[in-house]
>>> print(open('final-v1.cif').read())   # mmCIF, C-alpha atoms
data_data
loop_
_atom_site.label_atom_id
_atom_site.label_comp_id
_atom_site.auth_asym_id
_atom_site.auth_seq_id
_atom_site.Cartn_x
_atom_site.Cartn_y
_atom_site.Cartn_z
CA MET Z 1 130.56 70.10 114.06
CA PRO Z 2 127.87 71.24 111.57
CA ASP Z 3 128.58 73.89 108.97
CA LYS Z 4 128.74 77.41 110.34
CA VAL Z 5 125.54 79.33 109.70
CA ALA Z 6 125.35 82.89 108.36
CA LEU Z 7 122.23 85.08 108.18
CA ILE Z 8 122.31 87.93 105.64
CA THR Z 9 119.74 90.69 105.22
CA GLY Z 10 119.09 92.44 101.91
CA SER Z 11 120.22 89.55 99.72
CA SER Z 12 118.25 90.27 96.55
CA SER Z 13 121.11 92.23 94.96
CA GLY Z 14 124.46 93.92 95.47
CA PHE Z 15 126.62 93.16 98.48
CA GLY Z 16 123.98 90.90 100.03
CA LEU Z 17 123.61 88.70 96.96
CA LEU Z 18 127.34 88.39 96.36
CA THR Z 19 128.11 87.78 100.03
CA SER Z 20 125.51 85.01 100.15
CA ILE Z 21 127.24 83.25 97.27
CA GLU Z 22 130.78 83.79 98.56
CA LEU Z 23 129.93 82.57 102.08
CA ALA Z 24 128.27 79.48 100.64
CA LYS Z 25 131.35 78.79 98.51
CA ALA Z 26 133.45 79.13 101.68
CA GLY Z 27 131.45 76.35 103.34
CA PHE Z 28 128.87 78.33 105.32
CA ARG Z 29 125.21 77.38 105.39
CA VAL Z 30 123.61 80.67 104.39
CA VAL Z 31 120.17 82.02 105.24
CA ALA Z 32 119.76 84.71 102.58
CA THR Z 33 116.86 87.04 103.28
CA MET Z 34 115.01 89.77 101.46
CA ARG Z 35 111.84 91.75 102.07
CA ASP Z 36 110.14 90.64 98.84
CA LEU Z 37 110.69 87.11 97.55
CA GLY Z 38 109.37 88.32 94.21
CA ARG Z 39 112.83 89.86 93.75
CA ARG Z 40 114.76 86.62 94.25
CA ASP Z 41 115.39 85.87 90.57
CA ARG Z 42 118.89 87.36 90.47
CA LEU Z 43 119.91 85.44 93.59
CA ASP Z 44 118.43 82.20 92.24
CA GLN Z 45 120.40 82.61 89.02
CA ALA Z 46 123.63 83.30 90.94
CA VAL Z 47 123.06 80.31 93.21
CA THR Z 48 122.58 78.01 90.22
CA ALA Z 49 125.62 79.40 88.41
CA ALA Z 50 127.80 78.94 91.51
CA GLY Z 51 126.46 75.45 92.24
CA VAL Z 52 125.70 76.24 95.89
CA ALA Z 53 121.97 75.54 96.04
CA SER Z 54 122.39 73.00 98.83
CA GLN Z 55 124.11 75.65 100.97
CA ILE Z 56 121.57 78.47 100.68
CA ASP Z 57 118.19 78.84 102.36
CA ILE Z 58 116.24 81.83 100.96
CA ARG Z 59 113.62 83.39 103.24
CA ALA Z 60 111.44 86.49 103.36
CA LEU Z 61 112.37 89.03 106.02
CA ASP Z 62 111.48 92.68 106.54
CA VAL Z 63 113.96 94.12 109.05
CA THR Z 64 111.52 96.91 109.91
CA ASN Z 65 108.97 94.38 111.19
CA PHE Z 66 110.73 94.57 114.54
CA GLN Z 67 108.38 92.41 116.58
CA ALA Z 68 108.75 89.46 114.18
CA LEU Z 69 112.56 89.35 114.23
CA PRO Z 70 113.16 87.31 117.43
CA ALA Z 71 110.82 84.55 116.23
CA PHE Z 72 112.49 84.59 112.81
CA VAL Z 73 115.92 84.11 114.37
CA ASP Z 74 114.59 81.36 116.65
CA ALA Z 75 113.27 79.54 113.57
CA VAL Z 76 116.66 79.79 111.85
CA VAL Z 77 118.43 78.39 114.91
CA ARG Z 78 115.84 75.64 115.24
CA ASP Z 79 116.22 74.64 111.59
CA HIS Z 80 120.01 74.94 111.32
CA GLY Z 81 121.18 74.30 114.87
CA ARG Z 82 123.23 77.44 115.39
CA LEU Z 83 123.95 80.98 114.16
CA ASP Z 84 127.53 82.10 113.72
CA VAL Z 85 127.38 85.20 111.53
CA LEU Z 86 124.88 88.03 111.05
CA VAL Z 87 125.50 90.38 108.12
CA ASN Z 88 123.36 93.49 108.53
CA ASN Z 89 123.27 94.56 104.90
CA ALA Z 90 119.67 95.66 104.23
CA GLY Z 91 119.53 99.35 103.42
CA PHE Z 92 118.89 102.09 100.89
CA ALA Z 93 119.61 105.79 100.40
CA VAL Z 94 117.22 108.73 100.56
CA ALA Z 95 118.66 111.33 98.18
CA GLY Z 96 118.18 115.06 98.04
CA PHE Z 97 119.55 118.22 99.62
CA ALA Z 98 118.75 118.27 103.35
CA GLU Z 99 116.59 121.36 102.90
CA ASP Z 100 114.27 119.34 100.67
CA ILE Z 101 114.01 116.16 102.76
CA LYS Z 102 110.86 115.80 104.85
CA LEU Z 103 111.10 114.52 108.42
CA ASP Z 104 109.00 111.48 107.51
CA GLU Z 105 111.52 110.60 104.79
CA LEU Z 106 114.38 110.91 107.26
CA ARG Z 107 112.56 108.65 109.74
CA TYR Z 108 111.94 106.11 106.98
CA GLN Z 109 115.67 106.10 106.24
CA PHE Z 110 116.51 105.38 109.89
CA GLU Z 111 113.87 102.66 110.20
CA THR Z 112 115.78 100.41 107.81
CA ASN Z 113 119.41 101.49 107.94
CA PHE Z 114 119.70 102.00 111.68
CA PHE Z 115 116.78 100.55 113.64
CA GLY Z 116 116.52 97.53 111.34
CA ALA Z 117 120.17 96.66 111.98
CA VAL Z 118 119.78 97.29 115.71
CA ALA Z 119 116.67 95.12 115.94
CA MET Z 120 118.28 92.27 113.98
CA THR Z 121 121.35 92.44 116.19
CA LYS Z 122 119.29 92.36 119.38
CA ALA Z 123 117.40 89.36 118.01
CA VAL Z 124 120.60 87.31 117.50
CA LEU Z 125 122.43 88.32 120.67
CA PRO Z 126 120.74 85.75 122.98
CA THR Z 127 121.79 82.90 120.66
CA MET Z 128 125.34 84.18 120.30
CA ARG Z 129 125.57 84.72 124.06
CA ARG Z 130 124.57 81.07 124.64
CA GLN Z 131 127.14 79.93 122.09
CA HIS Z 132 129.76 82.30 123.50
CA SER Z 133 130.63 83.06 119.90
CA GLY Z 134 129.44 84.95 116.84
CA HIS Z 135 130.28 87.63 114.31
CA ILE Z 136 127.97 90.62 113.74
CA ILE Z 137 129.04 92.41 110.56
CA MET Z 138 127.50 95.82 109.92
CA ILE Z 139 127.55 97.13 106.36
CA SER Z 140 128.17 100.81 106.94
CA SER Z 141 129.70 103.25 104.44
CA ILE Z 142 132.33 105.92 104.01
CA GLY Z 143 129.23 108.08 104.53
CA GLY Z 144 129.21 106.86 108.12
CA LEU Z 145 132.57 108.54 108.71
CA GLN Z 146 131.96 111.82 106.89
CA GLY Z 147 129.04 113.87 105.66
CA ALA Z 148 128.09 113.65 102.00
CA VAL Z 149 126.19 116.10 99.80
CA THR Z 150 122.57 115.15 98.93
CA VAL Z 151 122.63 112.02 101.09
CA SER Z 152 122.52 113.61 104.53
CA SER Z 153 119.79 111.18 105.61
CA TYR Z 154 121.81 108.15 104.54
CA SER Z 155 124.97 109.55 106.07
CA ALA Z 156 123.18 110.29 109.35
CA SER Z 157 121.81 106.74 109.54
CA LYS Z 158 125.29 105.30 108.96
CA HIS Z 159 126.86 107.66 111.51
CA ALA Z 160 124.32 106.36 114.03
CA LEU Z 161 125.15 102.77 113.08
CA GLU Z 162 128.87 103.47 113.54
CA GLY Z 163 128.42 104.87 117.04
CA TRP Z 164 126.04 102.14 118.16
CA SER Z 165 128.24 99.36 116.77
CA GLU Z 166 131.40 100.72 118.35
CA SER Z 167 129.64 100.84 121.72
CA LEU Z 168 128.19 97.35 121.26
CA ARG Z 169 131.60 95.91 120.42
CA LEU Z 170 132.93 97.12 123.77
CA GLU Z 171 129.96 95.57 125.54
CA VAL Z 172 129.98 92.10 123.98
CA LYS Z 173 133.64 91.33 123.37
CA ALA Z 174 133.90 89.52 126.71
CA LEU Z 175 130.96 87.32 125.60
CA GLY Z 176 132.92 85.99 122.61
CA ILE Z 177 130.92 88.09 120.14
CA LYS Z 178 132.75 90.15 117.50
CA VAL Z 179 131.16 93.33 116.11
CA VAL Z 180 132.67 94.64 112.87
CA LEU Z 181 132.00 97.63 110.60
CA VAL Z 182 132.55 97.43 106.82
CA GLU Z 183 132.77 100.89 105.23
CA PRO Z 184 132.70 100.79 101.41
CA GLY Z 185 133.24 103.70 99.08
CA ALA Z 186 131.61 103.78 95.63
CA PHE Z 187 130.83 100.27 94.36
CA LEU Z 188 128.59 99.27 91.47
CA THR Z 189 125.46 98.17 93.33
CA ASP Z 190 121.76 99.05 93.27
CA ILE Z 191 122.33 101.78 95.87
CA TRP Z 192 122.78 104.07 92.85
CA THR Z 193 119.58 102.97 91.09
CA ARG Z 194 116.64 101.10 92.62
CA GLY Z 195 118.29 101.28 96.06
CA ALA Z 196 118.04 105.08 95.97
CA VAL Z 197 114.85 106.91 96.87
CA MET Z 198 114.58 110.57 95.89
CA GLY Z 199 113.00 112.90 98.40
CA GLU Z 200 109.60 114.04 97.17
CA LYS Z 201 110.50 117.74 97.17
CA ALA Z 202 114.01 117.15 95.82
CA THR Z 203 112.78 116.38 92.30
CA GLN Z 204 110.25 119.18 92.03
CA GLU Z 205 110.97 122.20 89.84
CA THR Z 206 110.00 124.39 92.80
CA SER Z 207 112.96 123.11 94.82
CA PRO Z 208 115.51 125.89 95.32
CA ASN Z 209 118.20 123.24 94.81
CA ILE Z 210 116.98 121.66 91.58
CA GLN Z 211 119.74 123.04 89.34
CA ARG Z 212 122.42 122.18 91.88
CA SER Z 213 121.00 118.66 92.07
CA LEU Z 214 121.12 118.22 88.30
CA ARG Z 215 124.73 119.43 88.09
CA MET Z 216 125.77 117.10 90.87
CA ARG Z 217 123.88 114.15 89.36
CA ASP Z 218 125.76 114.56 86.11
CA ARG Z 219 129.06 114.67 87.99
CA ILE Z 220 128.29 111.58 90.10
CA GLN Z 221 127.29 109.53 87.06
CA THR Z 222 130.79 109.93 85.63
CA LEU Z 223 132.59 108.68 88.72
CA PRO Z 224 134.14 105.18 88.52
CA LYS Z 225 132.59 102.52 90.76
CA ARG Z 226 134.42 99.39 91.87
CA ASP Z 227 133.36 95.74 91.57
CA PRO Z 228 131.26 94.82 94.65
CA ILE Z 229 132.78 91.32 94.75
CA GLU Z 230 135.68 92.98 96.57
CA VAL Z 231 133.39 93.80 99.50
CA ALA Z 232 131.76 90.35 99.49
CA ARG Z 233 135.13 88.64 99.72
CA LEU Z 234 136.20 90.97 102.52
CA ILE Z 235 133.07 90.01 104.46
CA VAL Z 236 133.95 86.31 104.05
CA SER Z 237 137.46 86.95 105.35
CA ILE Z 238 136.00 88.76 108.37
CA ALA Z 239 133.57 85.91 109.04
CA LEU Z 240 136.50 83.47 109.04
CA ASP Z 241 138.73 85.66 111.23
CA PRO Z 242 138.55 84.67 114.93
CA ASP Z 243 139.59 88.17 115.99
CA PRO Z 244 138.69 90.77 113.34
CA LYS Z 245 139.39 94.46 113.83
CA LEU Z 246 136.51 96.89 114.31
CA ARG Z 247 136.65 98.95 111.09
CA HIS Z 248 137.33 97.92 107.50
CA LEU Z 249 137.44 100.82 105.01
CA VAL Z 250 137.06 99.46 101.47
CA GLY Z 251 137.96 101.15 98.19
CA ARG Z 252 140.65 103.58 97.15
CA ASP Z 253 138.12 106.42 96.87
CA ALA Z 254 136.91 105.88 100.45
CA LYS Z 255 140.47 105.90 101.78
CA MET Z 256 141.34 109.04 99.84
CA GLN Z 257 138.20 110.86 100.97
CA LEU Z 258 138.79 110.08 104.63
CA ALA Z 259 142.48 111.00 104.42
CA MET Z 260 141.59 114.31 102.74
CA LYS Z 261 139.05 115.13 105.46
CA ARG Z 262 141.56 114.37 108.21
CA ILE Z 263 144.50 116.20 106.64
CA LEU Z 264 143.02 119.33 105.05
CA PRO Z 265 141.80 122.30 107.08
CA TRP Z 266 138.01 122.25 107.02
CA LYS Z 267 137.68 125.42 104.91
CA TRP Z 268 139.91 123.88 102.24
CA TYR Z 269 138.09 120.58 102.42
CA GLU Z 270 134.64 122.07 101.88
CA LYS Z 271 135.90 124.12 98.90
CA VAL Z 272 137.33 120.98 97.30
CA ILE Z 273 134.01 119.14 97.76
CA ALA Z 274 131.92 122.03 96.44
CA ASN Z 275 134.10 122.46 93.36
CA PHE Z 276 134.31 118.74 92.64
CA LEU Z 277 130.54 118.17 92.89
CA LYS Z 278 129.59 121.37 91.03
CA ILE Z 279 127.21 122.56 93.76
CA ASP Z 280 128.35 126.19 94.02
#
>>> encode(input="final-v1.cif", output="structure tokens")
Amino acid sequence: MPDKVALITGSSSGFGLLTSIELAKAGFRVVATMRDLGRRDRLDQAVTAAGVASQIDIRALDVTNFQALPAFVDAVVRDHGRLDVLVNNAGFAVAGFAEDIKLDELRYQFETNFFGAVAMTKAVLPTMRRQHSGHIIMISSIGGLQGAVTVSSYSASKHALEGWSESLRLEVKALGIKVVLVEPGAFLTDIWTRGAVMGEKATQETSPNIQRSLRMRDRIQTLPKRDPIEVARLIVSIALDPDPKLRHLVGRDAKMQLAMKRILPWKWYEKVIANFLKID
């Protein structure tokens, strides 16, 4: 049997880059994709350092170019013979208080984080149905399980992804296809820097929330963030698991946040959040 084949979106940095390397080291043939191949330098350097160049095929892919995705997947299957794992990792965060986010910015957030993942999944389902096997791994977030201040757009897109993925898992389990959600807390990736897009109004002095935003930004910058290799290695273990569970919450902070939300009365919970993030 040929090597198992994994397709990863958003591989230019962060979870996508590290997962590409870790899957290759685990024996997968990896199709690592990114929207702009001009940003492949970091991946190329990591591939060389890990000695896995023969295992990785780097290709350009924009997950919001919905009509092109089926042909892209067909080309991968034609070139590699099969497709065993899809990691829907491509995404970013629109930041700013909800009051300041324009509807077009919210739509843009959903185009990548939700509809991009949905379209990629629909593109691979015919192949996985024929194989009667496959893992579809959605990179969600703790923000998909609870609301989060100043990233309502991101949180909404991940909530949508959670609901759609849970439904899809029920639909395709009998076909031999496994749908899995990975829900990280705060990890040191580009989601905090070039992976974040500020809402246009959110940064203007005329925003009624500008001082609250600055106080919260200073607080967030001090928070510890974990090594993203932890998430990459979890994804590899899921890809190798013949029967993975639906949800995988990753990071002590994520587990503590979700436990606090479930245990505390809501009025207490919202006071804790407001005080912690300095938004009152």
>>> closest_residue(input="final-v1.cif", among="Z:Thr64, Z:Ser11, Z:Gln257, Z:Thr206", to="Asp100 of chain Z", atoms="all atoms listed in the file")
Z:Thr206
>>> residues_around(input="final-v1.cif", residues="Lys4 of chain Z", least_positions_apart="6", cutoff="9 Å", atoms="only C-alpha atoms", output="JSON, numbers by chain")
{"Z": [27, 28, 29, 30, 82, 83, 84, 85]}
>>> resolve_selection(input="final-v1.cif", expression="the PyMOL selection byres ((chain Z and resi 140-145) around 9)", output="compact mmCIF listing (two decimals) with C-alpha atoms, in the coordinates of the input")
# COMPACT_ATOMS: atom_id res chain seq x y z
CA ASN Z 88 123.36 93.49 108.53
CA ASN Z 89 123.27 94.56 104.90
CA ASN Z 113 119.41 101.49 107.94
CA MET Z 138 127.50 95.82 109.92
CA ILE Z 139 127.55 97.13 106.36
CA GLN Z 146 131.96 111.82 106.89
CA GLY Z 147 129.04 113.87 105.66
CA ALA Z 148 128.09 113.65 102.00
CA VAL Z 151 122.63 112.02 101.09
CA SER Z 152 122.52 113.61 104.53
CA TYR Z 154 121.81 108.15 104.54
CA SER Z 155 124.97 109.55 106.07
CA ALA Z 156 123.18 110.29 109.35
CA SER Z 157 121.81 106.74 109.54
CA LYS Z 158 125.29 105.30 108.96
CA HIS Z 159 126.86 107.66 111.51
CA ALA Z 160 124.32 106.36 114.03
CA LEU Z 161 125.15 102.77 113.08
CA GLU Z 162 128.87 103.47 113.54
CA LEU Z 181 132.00 97.63 110.60
CA VAL Z 182 132.55 97.43 106.82
CA GLU Z 183 132.77 100.89 105.23
CA PRO Z 184 132.70 100.79 101.41
CA GLY Z 185 133.24 103.70 99.08
CA ALA Z 186 131.61 103.78 95.63
CA LEU Z 249 137.44 100.82 105.01
CA VAL Z 250 137.06 99.46 101.47
CA ALA Z 254 136.91 105.88 100.45
CA LYS Z 255 140.47 105.90 101.78
CA GLN Z 257 138.20 110.86 100.97
CA LEU Z 258 138.79 110.08 104.63
>>> atom_distance(input="final-v1.cif", atom1="atom CA of Arg217 of chain Z", atom2="atom CA of Lys261 of chain Z")
22.1 Å
>>> resolve_selection(input="final-v1.cif", expression="the PyMOL selection byres ((chain Z and resi 170-174) around 12)", output="ChimeraX atom specification")
/Z:121-122,125-126,128-129,132-136,163-169,175-180,242-246
>>> resolve_selection(input="final-v1.cif", expression="the PyMOL selection byres ((chain Z and resi 115) around 9)", output="list in words")
Val63, Thr64, Phe66, Phe110, Glu111, Thr112, Asn113, Phe114, Gly116, Ala117, Val118, Ala119, Met120, Ser157 and Leu161 of chain Z
>>> closest_residue(input="final-v1.cif", among="Z:Val52, Z:Leu61, Z:Leu106, Z:Val47", to="Met198 of chain Z", atoms="all atoms listed in the file")
Z:Leu106
